[in-house]
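Worksheet: the structure to be examined is printed underneath.
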Amino acid sequence: MTFHAEEENLIRLYLLGEANEEERRRVEESLLGDSEYVERLRVIEEELIDDYARGAMAASERKLFEKHFLSTPKRMNKLAAARALVEFAAANAVVNQEKTRDKGSWWRAMFFPQWKIAVYAALVLGAGLGIWRWFSGQSVIEQAMTAMNKAYQPGIEQAMKEMNQAYREQRTLKSRITRLDYAPFVETRGEGQERVDLTARDRAERFLLDATAESSNSTAHHALGRLYLAEKKFDQAIAEFEQARKLDPDNPSLHSDLGAALFEQSQLEAPPGTAGGDPRWFNRSLEHFNRALELDDSLLEAIFNRALLRQSAGLLTPAKDDWERYLRQDAASQWAEEARNNLRLIEKQNNRVSQREGDLFRDFQQAYQAGNEQAALRAFSRAHLRDGNYIAGKLIDEFLDLTQYGERKEAQERLKALAFAGEAAMRNLGERYFADLALFYWAAAGYAPKLARARRLMKSAYQSYTETHNSRAIESYLEARQIFESNGNFGEALLAEFWIGFCRLRQADVQRSLPSFDRVSARCEARGYKWLQSLALIGATNAQLRLMEYSQAVRSSWRAYRLSQQIADDNGMLRSLSILANTYRHLGKFHDSWQAAQQGIKLADGASCVASRAGWAFTVILKAASRV
Amino acid sequence: MIAFFDCRGCADAEGLADETINRVIRQITSLTSKFDGEPARYFYGVAHYVHLEYLEKHVKRDGGPLTEAMPAPVVSAQAEEKELKLACLDRCLQKLQPDEREMVTEYYREDKQAKIDRRKWLAERFGYSVNALRIKVHRLRGELYGCITTCVRRETKF
């Protein structure tokens, strides 16, 4: 931002009430259209106040200032603040010394006087000797370990055979455990219903406990960890795997099994409302699968498990990629059949979603052309998604494209449709977000290329988010937000801020994500952006759950539900009910959980396909609730 | 738009800005097909009328001259209120980074130096251009102002 003398002078005249009609109009029109101009005006306004507070204003200007400027409580408060600052500064006069930033001072402190150098040299020599001894000693230890491994290998091998025997009819987990052969996974309602050869399992355990007690090597701990994992003793499994990892940090199978343990642990704990479980477990699990594949990119167990992890988190595109990769390496086994089934599920889900959205857009167009406001609003309300409204998004993107291609008339048609929807939503539902968007894009057509770029950044950020590249997503959202803010598009800037918060939550950075959600929610409430406020409240709920603030979480999710209800947002209501059902279940309030789940299922049955994605979640919740 | 109403001396600048936007939104469907000019001009027109209505309402309600036309009131503060503001200012300054705190207090320190020379000196001192320093101080002021307002409000609740 730069200050031109002529412009500064004009603003000063304007503020002192000395501008003529034409000059006043020029300044005020600039205020309405240019946020940088507003900031320039604010800077000059403050400098006027400062001059007045310091008594540094010419007499003629002082009279004008008092007459025209000091006319509102806000400005008088600013003057009082300026006076306080002047008084404070006078009372606490800072000694105007040059701060000596001697960059070499720490260096001199370290190495002077010179005897210090001699001491450092002695320490380095000593450390070097120690390391050499340790390494040469290590080779002796390593030799001993190898011998012990050999001695106990038969025991561990026998244990693995027994484990395969134990779990030959059925495996207890969806994930794959290395060295265990294929067995079908069957979901059971409770313990004692799994078809496990308990004798073989006990024998395996005896072998492995002996092995770890006698030799405590990586192979023994790893094997014992596998046993605990198969028995769903996740804490113990993780402890054994970590012990093994200390001794053998670059073992790909170990990373795969550790990732599986973390994944299964996260499913079991299932922190309320989050697909894929607790993001902390999710992130750690993913790290280990990734590490396993870095060490051995053909490790089938790691590919299989990573696909499962991603699919459970609703990250369908990367999950699909993993399943396809798996099938390229193993197309024939029974594991491959499971992979194909999972792939079919993903494809089915994807097809249903895009068909649904296409139908909604068609319904909206027909209703809009017929002037049927209620029908148009119904279709519009059902098109609310997590990253925007599908219909509004399509209209805006087409408007921007057409504007850039000079197709003004066609572009205007898209804007009219958006304005129609926005106005209808505002009048009937009290939802202002889309009306404000229509207004903004009408006024900002001249900035189409920049805004188109910002919207592309939002899409790529969302894609990165679905692929769990959260840091990359945050970068793109930050850039998009900056473009939106600098062009006055506060609605979409708030949406970007919400997503930044959500990505941070994914990174388990609750301390930064919760204030973002609170900020977005408060600003949306002030502006009447109900859809976005509901999203922010769900974000806040997730964060509150991480912080174990359960009562607050329940309140936030009910607020989110009511807002979604007000704007007839089925997806929003389902999101809220899902998180509520899980939260109540977590609190042991099974009746409340049941009720929320029932409500959700009814809604999901009546709604269209994105909503029915939640249907299976409710079925699972109901099963859990019915146990009680 | 808030700045527009602020500069026109309206006490409720935010409310008037909202009213202007609401009025434009209500016309948006016809505007997209009929209005061919600069949107800022249209906003200006609506905002101007909203301001005129506001002035008229004040005259009717207050039954007298407009607040804007009245002589500037004496800005006085009770001793207690002044003490409170100073205390809040002290607290809020502590929340700034040390070099920012120093920048603000140096900026407001009474000095016989001419303003332009002083700005140049300060800019060099902190490694900014003069314009960048003005903006930096303005933004710090904004933070302080918000902090002081919150602090005073908190301390005066019963």
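Please note that chains go A, B, ... in the order of the structure tokens, that every chain numbers its residues from 1, and that ligands are numbered from 1 in the order shown.
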Margin query: Which residues are close to Lys416 of chain A, i.e. within 8 Å by only C-alpha atoms, leaving aside same-chain residues fewer than 2 positions away? Reply as a PyMOL selection string.
Written below: (chain A and resi 412-414+418-420) or (chain B and resi 29+32-33)
N, CA, C and O atoms of the current selection, written as a PDB file, in the first residue's frame:
ATOM      1  N   GLN A 412     -24.560 -13.523 -16.925  1.00  0.00           N
ATOM      2  CA  GLN A 412     -25.622 -12.868 -16.151  1.00  0.00           C
ATOM      3  C   GLN A 412     -26.749 -13.839 -15.820  1.00  0.00           C
ATOM      4  O   GLN A 412     -27.355 -13.772 -14.741  1.00  0.00           O
ATOM      5  N   GLU A 413     -27.021 -14.752 -16.756  1.00  0.00           N
ATOM      6  CA  GLU A 413     -28.086 -15.732 -16.513  1.00  0.00           C
ATOM      7  C   GLU A 413     -27.757 -16.603 -15.306  1.00  0.00           C
ATOM      8  O   GLU A 413     -28.624 -16.922 -14.487  1.00  0.00           O
ATOM      9  N   ARG A 414     -26.463 -16.992 -15.198  1.00  0.00           N
ATOM     10  CA  ARG A 414     -26.065 -17.836 -14.051  1.00  0.00           C
ATOM     11  C   ARG A 414     -26.233 -17.047 -12.764  1.00  0.00           C
ATOM     12  O   ARG A 414     -26.695 -17.571 -11.745  1.00  0.00           O
ATOM     13  N   LEU A 418     -28.521 -17.738  -9.383  1.00  0.00           N
ATOM     14  CA  LEU A 418     -27.953 -17.767  -8.028  1.00  0.00           C
ATOM     15  C   LEU A 418     -28.667 -16.756  -7.141  1.00  0.00           C
ATOM     16  O   LEU A 418     -28.992 -17.041  -5.975  1.00  0.00           O
ATOM     17  N   ALA A 419     -28.917 -15.563  -7.694  1.00  0.00           N
ATOM     18  CA  ALA A 419     -29.607 -14.520  -6.930  1.00  0.00           C
ATOM     19  C   ALA A 419     -31.013 -14.980  -6.558  1.00  0.00           C
ATOM     20  O   ALA A 419     -31.489 -14.734  -5.445  1.00  0.00           O
ATOM     21  N   PHE A 420     -31.663 -15.670  -7.475  1.00  0.00           N
ATOM     22  CA  PHE A 420     -33.013 -16.195  -7.221  1.00  0.00           C
ATOM     23  C   PHE A 420     -32.983 -17.146  -6.025  1.00  0.00           C
ATOM     24  O   PHE A 420     -33.794 -17.039  -5.094  1.00  0.00           O
TER      25      PHE A 420
ATOM     26  N   THR B  29     -32.169  -9.473  -8.125  1.00  0.00           N
ATOM     27  CA  THR B  29     -32.621 -10.213  -9.314  1.00  0.00           C
ATOM     28  C   THR B  29     -32.899  -9.257 -10.467  1.00  0.00           C
ATOM     29  O   THR B  29     -32.586  -9.557 -11.627  1.00  0.00           O
ATOM     30  N   THR B  32     -29.402  -7.625 -11.872  1.00  0.00           N
ATOM     31  CA  THR B  32     -28.544  -8.434 -12.749  1.00  0.00           C
ATOM     32  C   THR B  32     -28.956  -8.302 -14.208  1.00  0.00           C
ATOM     33  O   THR B  32     -28.142  -8.479 -15.110  1.00  0.00           O
ATOM     34  N   SER B  33     -30.239  -7.987 -14.449  1.00  0.00           N
ATOM     35  CA  SER B  33     -30.630  -7.848 -15.865  1.00  0.00           C
ATOM     36  C   SER B  33     -30.746  -6.387 -16.289  1.00  0.00           C
ATOM     37  O   SER B  33     -30.504  -6.055 -17.436  1.00  0.00           O
TER      38      SER B  33
END
Next item on the list: Please determine the contact residues of chain A with respect to chain B at a cut-off of 6 Å, counting only C-alpha atoms, and supply them as a PyMOL selection string.
Entry: chain A and resi 32-33+43+66-67+70-72+86+89-90+416+419+443
Notebook entry, point to check: Could you state the separation of atom CA of Gln565 of chain A and atom CA of Ser381 of chain A in Å, given to one decimal place?
Noted result: 10.4 Å
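Here the question is which of A:Arg527, A:Arg179, A:His255, A:Lys63 gets nearest to Phe490 of chain A using only C-alpha atoms, and that residue is A:Arg527.
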Note to self: I'd like the contact shell of Asp210 of chain A - 12 Å cut-off, only C-alpha atoms, skipping same-chain residues fewer than 6 positions apart - returned as a VMD selection string.
What the structure shows: chain A and resid 152 to 156 159 203 to 204 216 to 217 220 to 221 223 to 224
Write the residues you've just listed into a file as a tab-separated table (two decimals), in the first residue's frame, and include N, CA, C and O atoms for each of them.
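Contents of part34.tsv, as written:
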chain	number	residue	atom	x	y	z
A	152	TYR	N	16.38	-69.45	19.12
A	152	TYR	CA	14.95	-69.38	19.43
A	152	TYR	C	14.07	-69.34	18.20
A	152	TYR	O	12.85	-69.30	18.32
A	153	GLN	N	14.68	-69.31	17.02
A	153	GLN	CA	13.88	-69.26	15.80
A	153	GLN	C	12.87	-70.39	15.71
A	153	GLN	O	11.70	-70.13	15.40
A	154	PRO	N	13.28	-71.61	15.97
A	154	PRO	CA	12.31	-72.70	15.86
A	154	PRO	C	11.08	-72.41	16.74
A	154	PRO	O	9.95	-72.67	16.33
A	155	GLY	N	11.31	-71.84	17.93
A	155	GLY	CA	10.20	-71.54	18.85
A	155	GLY	C	9.25	-70.53	18.22
A	155	GLY	O	8.02	-70.70	18.25
A	156	ILE	N	9.79	-69.51	17.63
A	156	ILE	CA	8.96	-68.45	17.04
A	156	ILE	C	8.25	-69.01	15.81
A	156	ILE	O	7.04	-68.76	15.60
A	159	ALA	N	5.47	-71.00	16.90
A	159	ALA	CA	4.39	-70.14	17.39
A	159	ALA	C	3.56	-69.61	16.22
A	159	ALA	O	2.32	-69.57	16.28
A	203	ARG	N	-0.94	-72.36	22.83
A	203	ARG	CA	0.40	-72.91	22.56
A	203	ARG	C	1.29	-71.83	21.96
A	203	ARG	O	2.44	-71.67	22.33
A	204	ALA	N	0.71	-71.08	21.03
A	204	ALA	CA	1.47	-69.99	20.40
A	204	ALA	C	1.94	-69.00	21.45
A	204	ALA	O	3.10	-68.57	21.44
A	216	SER	N	14.53	-61.69	24.21
A	216	SER	CA	14.08	-60.29	24.04
A	216	SER	C	14.60	-59.65	22.75
A	216	SER	O	15.16	-58.57	22.73
A	217	ASN	N	14.46	-60.36	21.65
A	217	ASN	CA	14.89	-59.76	20.38
A	217	ASN	C	13.68	-59.28	19.61
A	217	ASN	O	12.52	-59.55	19.98
A	220	ALA	N	11.06	-61.87	18.32
A	220	ALA	CA	10.17	-62.42	19.36
A	220	ALA	C	9.09	-61.41	19.74
A	220	ALA	O	7.91	-61.75	19.84
A	221	HIS	N	9.51	-60.17	19.94
A	221	HIS	CA	8.52	-59.15	20.31
A	221	HIS	C	7.50	-58.93	19.20
A	221	HIS	O	6.32	-58.76	19.46
A	223	ALA	N	6.55	-61.08	16.96
A	223	ALA	CA	5.63	-62.22	16.90
A	223	ALA	C	4.60	-62.16	18.03
A	223	ALA	O	3.40	-62.42	17.81
A	224	LEU	N	5.06	-61.81	19.21
A	224	LEU	CA	4.13	-61.70	20.35
A	224	LEU	C	3.11	-60.59	20.09
A	224	LEU	O	1.92	-60.74	20.41
Next item on the list: Mind checking which residues fall within 12 Å of segment 453-458 of chain A, counting only C-alpha atoms, ignoring those fewer than 5 positions away in the same chain, and posting them as a ChimeraX atom specification?
Entry: /A:387-388,393-394,396-398,400-401,404,447-448,463-465,472-487,489,492-500
Just write the chosen residues, C-alpha atoms, as a PDB file, in the first residue's frame.
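Written file, result30.pdb:
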ATOM      1  CA  ASP A 387     -17.493 -27.923   0.951  1.00  0.00           C
ATOM      2  CA  GLY A 388     -20.303 -25.759  -0.367  1.00  0.00           C
ATOM      3  CA  GLY A 393     -20.916 -23.706  -6.719  1.00  0.00           C
ATOM      4  CA  LYS A 394     -21.778 -24.807 -10.237  1.00  0.00           C
ATOM      5  CA  ILE A 396     -20.611 -19.442  -9.662  1.00  0.00           C
ATOM      6  CA  ASP A 397     -17.989 -21.437 -11.561  1.00  0.00           C
ATOM      7  CA  GLU A 398     -19.945 -21.144 -14.785  1.00  0.00           C
ATOM      8  CA  LEU A 400     -16.747 -16.888 -13.694  1.00  0.00           C
ATOM      9  CA  ASP A 401     -15.826 -18.952 -16.754  1.00  0.00           C
ATOM     10  CA  GLN A 404     -13.689 -14.527 -18.552  1.00  0.00           C
ATOM     11  CA  TYR A 447     -12.061  -9.684 -10.662  1.00  0.00           C
ATOM     12  CA  ALA A 448     -13.194 -12.929 -12.274  1.00  0.00           C
ATOM     13  CA  GLN A 463      -8.816 -32.783  -2.697  1.00  0.00           C
ATOM     14  CA  SER A 464      -5.612 -32.622  -0.639  1.00  0.00           C
ATOM     15  CA  TYR A 465      -7.725 -32.907   2.504  1.00  0.00           C
ATOM     16  CA  ARG A 472      -0.849 -28.993   1.630  1.00  0.00           C
ATOM     17  CA  ALA A 473      -4.570 -28.418   2.071  1.00  0.00           C
ATOM     18  CA  ILE A 474      -3.940 -25.737   4.677  1.00  0.00           C
ATOM     19  CA  GLU A 475      -1.537 -23.898   2.384  1.00  0.00           C
ATOM     20  CA  SER A 476      -4.083 -23.808  -0.424  1.00  0.00           C
ATOM     21  CA  TYR A 477      -6.901 -22.750   1.882  1.00  0.00           C
ATOM     22  CA  LEU A 478      -4.747 -19.955   3.301  1.00  0.00           C
ATOM     23  CA  GLU A 479      -3.986 -18.646  -0.165  1.00  0.00           C
ATOM     24  CA  ALA A 480      -7.658 -18.852  -1.186  1.00  0.00           C
ATOM     25  CA  ARG A 481      -8.700 -17.063   1.978  1.00  0.00           C
ATOM     26  CA  GLN A 482      -6.251 -14.263   1.330  1.00  0.00           C
ATOM     27  CA  ILE A 483      -7.646 -13.732  -2.191  1.00  0.00           C
ATOM     28  CA  PHE A 484     -11.246 -13.794  -0.984  1.00  0.00           C
ATOM     29  CA  GLU A 485     -10.541 -11.387   1.876  1.00  0.00           C
ATOM     30  CA  SER A 486      -8.621  -8.916  -0.231  1.00  0.00           C
ATOM     31  CA  ASN A 487     -11.534  -8.842  -2.695  1.00  0.00           C
ATOM     32  CA  ASN A 489     -15.648 -11.946  -0.366  1.00  0.00           C
ATOM     33  CA  GLU A 492     -16.024 -17.681   1.110  1.00  0.00           C
ATOM     34  CA  ALA A 493     -13.114 -16.391   3.215  1.00  0.00           C
ATOM     35  CA  LEU A 494     -14.981 -17.728   6.253  1.00  0.00           C
ATOM     36  CA  LEU A 495     -15.511 -21.051   4.498  1.00  0.00           C
ATOM     37  CA  ALA A 496     -11.759 -21.257   3.862  1.00  0.00           C
ATOM     38  CA  GLU A 497     -11.102 -20.456   7.497  1.00  0.00           C
ATOM     39  CA  PHE A 498     -13.464 -23.230   8.591  1.00  0.00           C
ATOM     40  CA  TRP A 499     -11.553 -25.731   6.464  1.00  0.00           C
ATOM     41  CA  ILE A 500      -8.215 -24.555   7.793  1.00  0.00           C
TER      42      ILE A 500
END
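The space between atom CA of Ser576 of chain A and atom CA of Lys589 of chain A spans 16.5 Å.
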Next item on the list: Among the residues of segment 213-323 of chain A, find those DSSP assigns to alpha helix (DSSP H) from the backbone and print them as a ChimeraX atom specification.
Entry: /A:213-215,218-230,234-247,252-269,279-295,300-312,316-323
Check: What is the atom CA of Leu10 of chain A to atom CA of Ser30 of chain A distance in Å?
Finding: 12.0 Å
Shell around Tyr390 of chain A at 12 Å using only C-alpha atoms, local window under 3 positions removed, as a PDB file with N, CA, C and O atoms, in the first residue's frame:
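Saved file selection.pdb follows:
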ATOM      1  N   VAL A 353     -23.423 -40.620  -5.661  1.00  0.00           N
ATOM      2  CA  VAL A 353     -23.285 -39.211  -5.278  1.00  0.00           C
ATOM      3  C   VAL A 353     -23.373 -38.320  -6.502  1.00  0.00           C
ATOM      4  O   VAL A 353     -24.091 -37.337  -6.523  1.00  0.00           O
ATOM      5  N   SER A 354     -22.628 -38.646  -7.566  1.00  0.00           N
ATOM      6  CA  SER A 354     -22.646 -37.728  -8.714  1.00  0.00           C
ATOM      7  C   SER A 354     -24.000 -37.765  -9.413  1.00  0.00           C
ATOM      8  O   SER A 354     -24.458 -36.747  -9.901  1.00  0.00           O
ATOM      9  N   ARG A 356     -26.855 -38.174  -7.951  1.00  0.00           N
ATOM     10  CA  ARG A 356     -27.730 -37.401  -7.078  1.00  0.00           C
ATOM     11  C   ARG A 356     -27.560 -35.917  -7.342  1.00  0.00           C
ATOM     12  O   ARG A 356     -28.543 -35.201  -7.470  1.00  0.00           O
ATOM     13  N   GLU A 357     -26.339 -35.473  -7.388  1.00  0.00           N
ATOM     14  CA  GLU A 357     -26.109 -34.035  -7.539  1.00  0.00           C
ATOM     15  C   GLU A 357     -26.576 -33.537  -8.905  1.00  0.00           C
ATOM     16  O   GLU A 357     -27.151 -32.449  -9.017  1.00  0.00           O
ATOM     17  N   GLY A 358     -26.354 -34.350  -9.930  1.00  0.00           N
ATOM     18  CA  GLY A 358     -26.844 -34.000 -11.259  1.00  0.00           C
ATOM     19  C   GLY A 358     -28.357 -33.844 -11.262  1.00  0.00           C
ATOM     20  O   GLY A 358     -28.899 -32.891 -11.836  1.00  0.00           O
ATOM     21  N   ASP A 359     -29.037 -34.762 -10.579  1.00  0.00           N
ATOM     22  CA  ASP A 359     -30.510 -34.704 -10.511  1.00  0.00           C
ATOM     23  C   ASP A 359     -30.965 -33.435  -9.813  1.00  0.00           C
ATOM     24  O   ASP A 359     -31.929 -32.787 -10.247  1.00  0.00           O
ATOM     25  N   LEU A 360     -30.294 -33.109  -8.734  1.00  0.00           N
ATOM     26  CA  LEU A 360     -30.695 -31.925  -7.974  1.00  0.00           C
ATOM     27  C   LEU A 360     -30.541 -30.662  -8.820  1.00  0.00           C
ATOM     28  O   LEU A 360     -31.402 -29.775  -8.792  1.00  0.00           O
ATOM     29  N   PHE A 361     -29.468 -30.582  -9.555  1.00  0.00           N
ATOM     30  CA  PHE A 361     -29.251 -29.389 -10.383  1.00  0.00           C
ATOM     31  C   PHE A 361     -30.335 -29.275 -11.442  1.00  0.00           C
ATOM     32  O   PHE A 361     -30.879 -28.188 -11.689  1.00  0.00           O
ATOM     33  N   ARG A 362     -30.682 -30.419 -12.020  1.00  0.00           N
ATOM     34  CA  ARG A 362     -31.742 -30.425 -13.036  1.00  0.00           C
ATOM     35  C   ARG A 362     -33.068 -29.966 -12.431  1.00  0.00           C
ATOM     36  O   ARG A 362     -33.777 -29.138 -12.997  1.00  0.00           O
ATOM     37  N   PHE A 364     -33.520 -28.111  -9.857  1.00  0.00           N
ATOM     38  CA  PHE A 364     -33.449 -26.680  -9.548  1.00  0.00           C
ATOM     39  C   PHE A 364     -33.692 -25.861 -10.812  1.00  0.00           C
ATOM     40  O   PHE A 364     -34.479 -24.910 -10.813  1.00  0.00           O
ATOM     41  N   ALA A 379     -34.792 -28.120  -3.894  1.00  0.00           N
ATOM     42  CA  ALA A 379     -33.624 -28.727  -4.549  1.00  0.00           C
ATOM     43  C   ALA A 379     -32.346 -28.067  -4.044  1.00  0.00           C
ATOM     44  O   ALA A 379     -31.349 -28.747  -3.759  1.00  0.00           O
ATOM     45  N   PHE A 380     -32.365 -26.755  -3.903  1.00  0.00           N
ATOM     46  CA  PHE A 380     -31.183 -26.006  -3.472  1.00  0.00           C
ATOM     47  C   PHE A 380     -30.761 -26.440  -2.071  1.00  0.00           C
ATOM     48  O   PHE A 380     -29.580 -26.667  -1.804  1.00  0.00           O
ATOM     49  N   SER A 381     -31.742 -26.584  -1.186  1.00  0.00           N
ATOM     50  CA  SER A 381     -31.436 -26.947   0.208  1.00  0.00           C
ATOM     51  C   SER A 381     -30.846 -28.345   0.315  1.00  0.00           C
ATOM     52  O   SER A 381     -30.056 -28.631   1.206  1.00  0.00           O
ATOM     53  N   ARG A 382     -31.236 -29.212  -0.609  1.00  0.00           N
ATOM     54  CA  ARG A 382     -30.724 -30.581  -0.553  1.00  0.00           C
ATOM     55  C   ARG A 382     -29.338 -30.692  -1.180  1.00  0.00           C
ATOM     56  O   ARG A 382     -28.718 -31.746  -1.132  1.00  0.00           O
ATOM     57  N   ALA A 383     -28.887 -29.607  -1.762  1.00  0.00           N
ATOM     58  CA  ALA A 383     -27.569 -29.640  -2.413  1.00  0.00           C
ATOM     59  C   ALA A 383     -26.462 -29.118  -1.508  1.00  0.00           C
ATOM     60  O   ALA A 383     -25.334 -28.923  -1.961  1.00  0.00           O
ATOM     61  N   HIS A 384     -26.766 -28.894  -0.227  1.00  0.00           N
ATOM     62  CA  HIS A 384     -25.713 -28.446   0.700  1.00  0.00           C
ATOM     63  C   HIS A 384     -24.763 -29.599   0.969  1.00  0.00           C
ATOM     64  O   HIS A 384     -25.181 -30.673   1.368  1.00  0.00           O
ATOM     65  N   LEU A 385     -23.476 -29.342   0.761  1.00  0.00           N
ATOM     66  CA  LEU A 385     -22.441 -30.345   1.062  1.00  0.00           C
ATOM     67  C   LEU A 385     -21.466 -29.719   2.058  1.00  0.00           C
ATOM     68  O   LEU A 385     -21.624 -28.566   2.444  1.00  0.00           O
ATOM     69  N   ARG A 386     -20.453 -30.487   2.423  1.00  0.00           N
ATOM     70  CA  ARG A 386     -19.501 -29.956   3.404  1.00  0.00           C
ATOM     71  C   ARG A 386     -18.636 -28.849   2.831  1.00  0.00           C
ATOM     72  O   ARG A 386     -18.167 -27.977   3.557  1.00  0.00           O
ATOM     73  N   ASP A 387     -18.406 -28.923   1.514  1.00  0.00           N
ATOM     74  CA  ASP A 387     -17.493 -27.923   0.951  1.00  0.00           C
ATOM     75  C   ASP A 387     -18.241 -26.836   0.173  1.00  0.00           C
ATOM     76  O   ASP A 387     -17.626 -26.060  -0.547  1.00  0.00           O
ATOM     77  N   GLY A 393     -22.287 -23.560  -6.243  1.00  0.00           N
ATOM     78  CA  GLY A 393     -20.916 -23.706  -6.719  1.00  0.00           C
ATOM     79  C   GLY A 393     -20.850 -23.821  -8.235  1.00  0.00           C
ATOM     80  O   GLY A 393     -20.046 -23.168  -8.895  1.00  0.00           O
ATOM     81  N   LYS A 394     -21.775 -24.623  -8.779  1.00  0.00           N
ATOM     82  CA  LYS A 394     -21.778 -24.807 -10.237  1.00  0.00           C
ATOM     83  C   LYS A 394     -22.129 -23.493 -10.927  1.00  0.00           C
ATOM     84  O   LYS A 394     -21.497 -23.097 -11.920  1.00  0.00           O
ATOM     85  N   LEU A 395     -23.107 -22.783 -10.395  1.00  0.00           N
ATOM     86  CA  LEU A 395     -23.503 -21.509 -11.008  1.00  0.00           C
ATOM     87  C   LEU A 395     -22.373 -20.487 -10.951  1.00  0.00           C
ATOM     88  O   LEU A 395     -22.106 -19.777 -11.927  1.00  0.00           O
ATOM     89  N   ILE A 396     -21.702 -20.414  -9.802  1.00  0.00           N
ATOM     90  CA  ILE A 396     -20.611 -19.442  -9.662  1.00  0.00           C
ATOM     91  C   ILE A 396     -19.469 -19.783 -10.611  1.00  0.00           C
ATOM     92  O   ILE A 396     -18.918 -18.905 -11.293  1.00  0.00           O
ATOM     93  N   ASP A 397     -19.105 -21.046 -10.677  1.00  0.00           N
ATOM     94  CA  ASP A 397     -17.989 -21.437 -11.561  1.00  0.00           C
ATOM     95  C   ASP A 397     -18.327 -21.135 -13.014  1.00  0.00           C
ATOM     96  O   ASP A 397     -17.478 -20.636 -13.770  1.00  0.00           O
ATOM     97  N   LEU A 418     -28.521 -17.738  -9.383  1.00  0.00           N
ATOM     98  CA  LEU A 418     -27.953 -17.767  -8.028  1.00  0.00           C
ATOM     99  C   LEU A 418     -28.667 -16.756  -7.141  1.00  0.00           C
ATOM    100  O   LEU A 418     -28.992 -17.041  -5.975  1.00  0.00           O
ATOM    101  N   PHE A 434     -25.953 -17.211   0.631  1.00  0.00           N
ATOM    102  CA  PHE A 434     -25.965 -17.308  -0.832  1.00  0.00           C
ATOM    103  C   PHE A 434     -26.413 -16.003  -1.473  1.00  0.00           C
ATOM    104  O   PHE A 434     -25.963 -15.653  -2.573  1.00  0.00           O
TER     105      PHE A 434
END
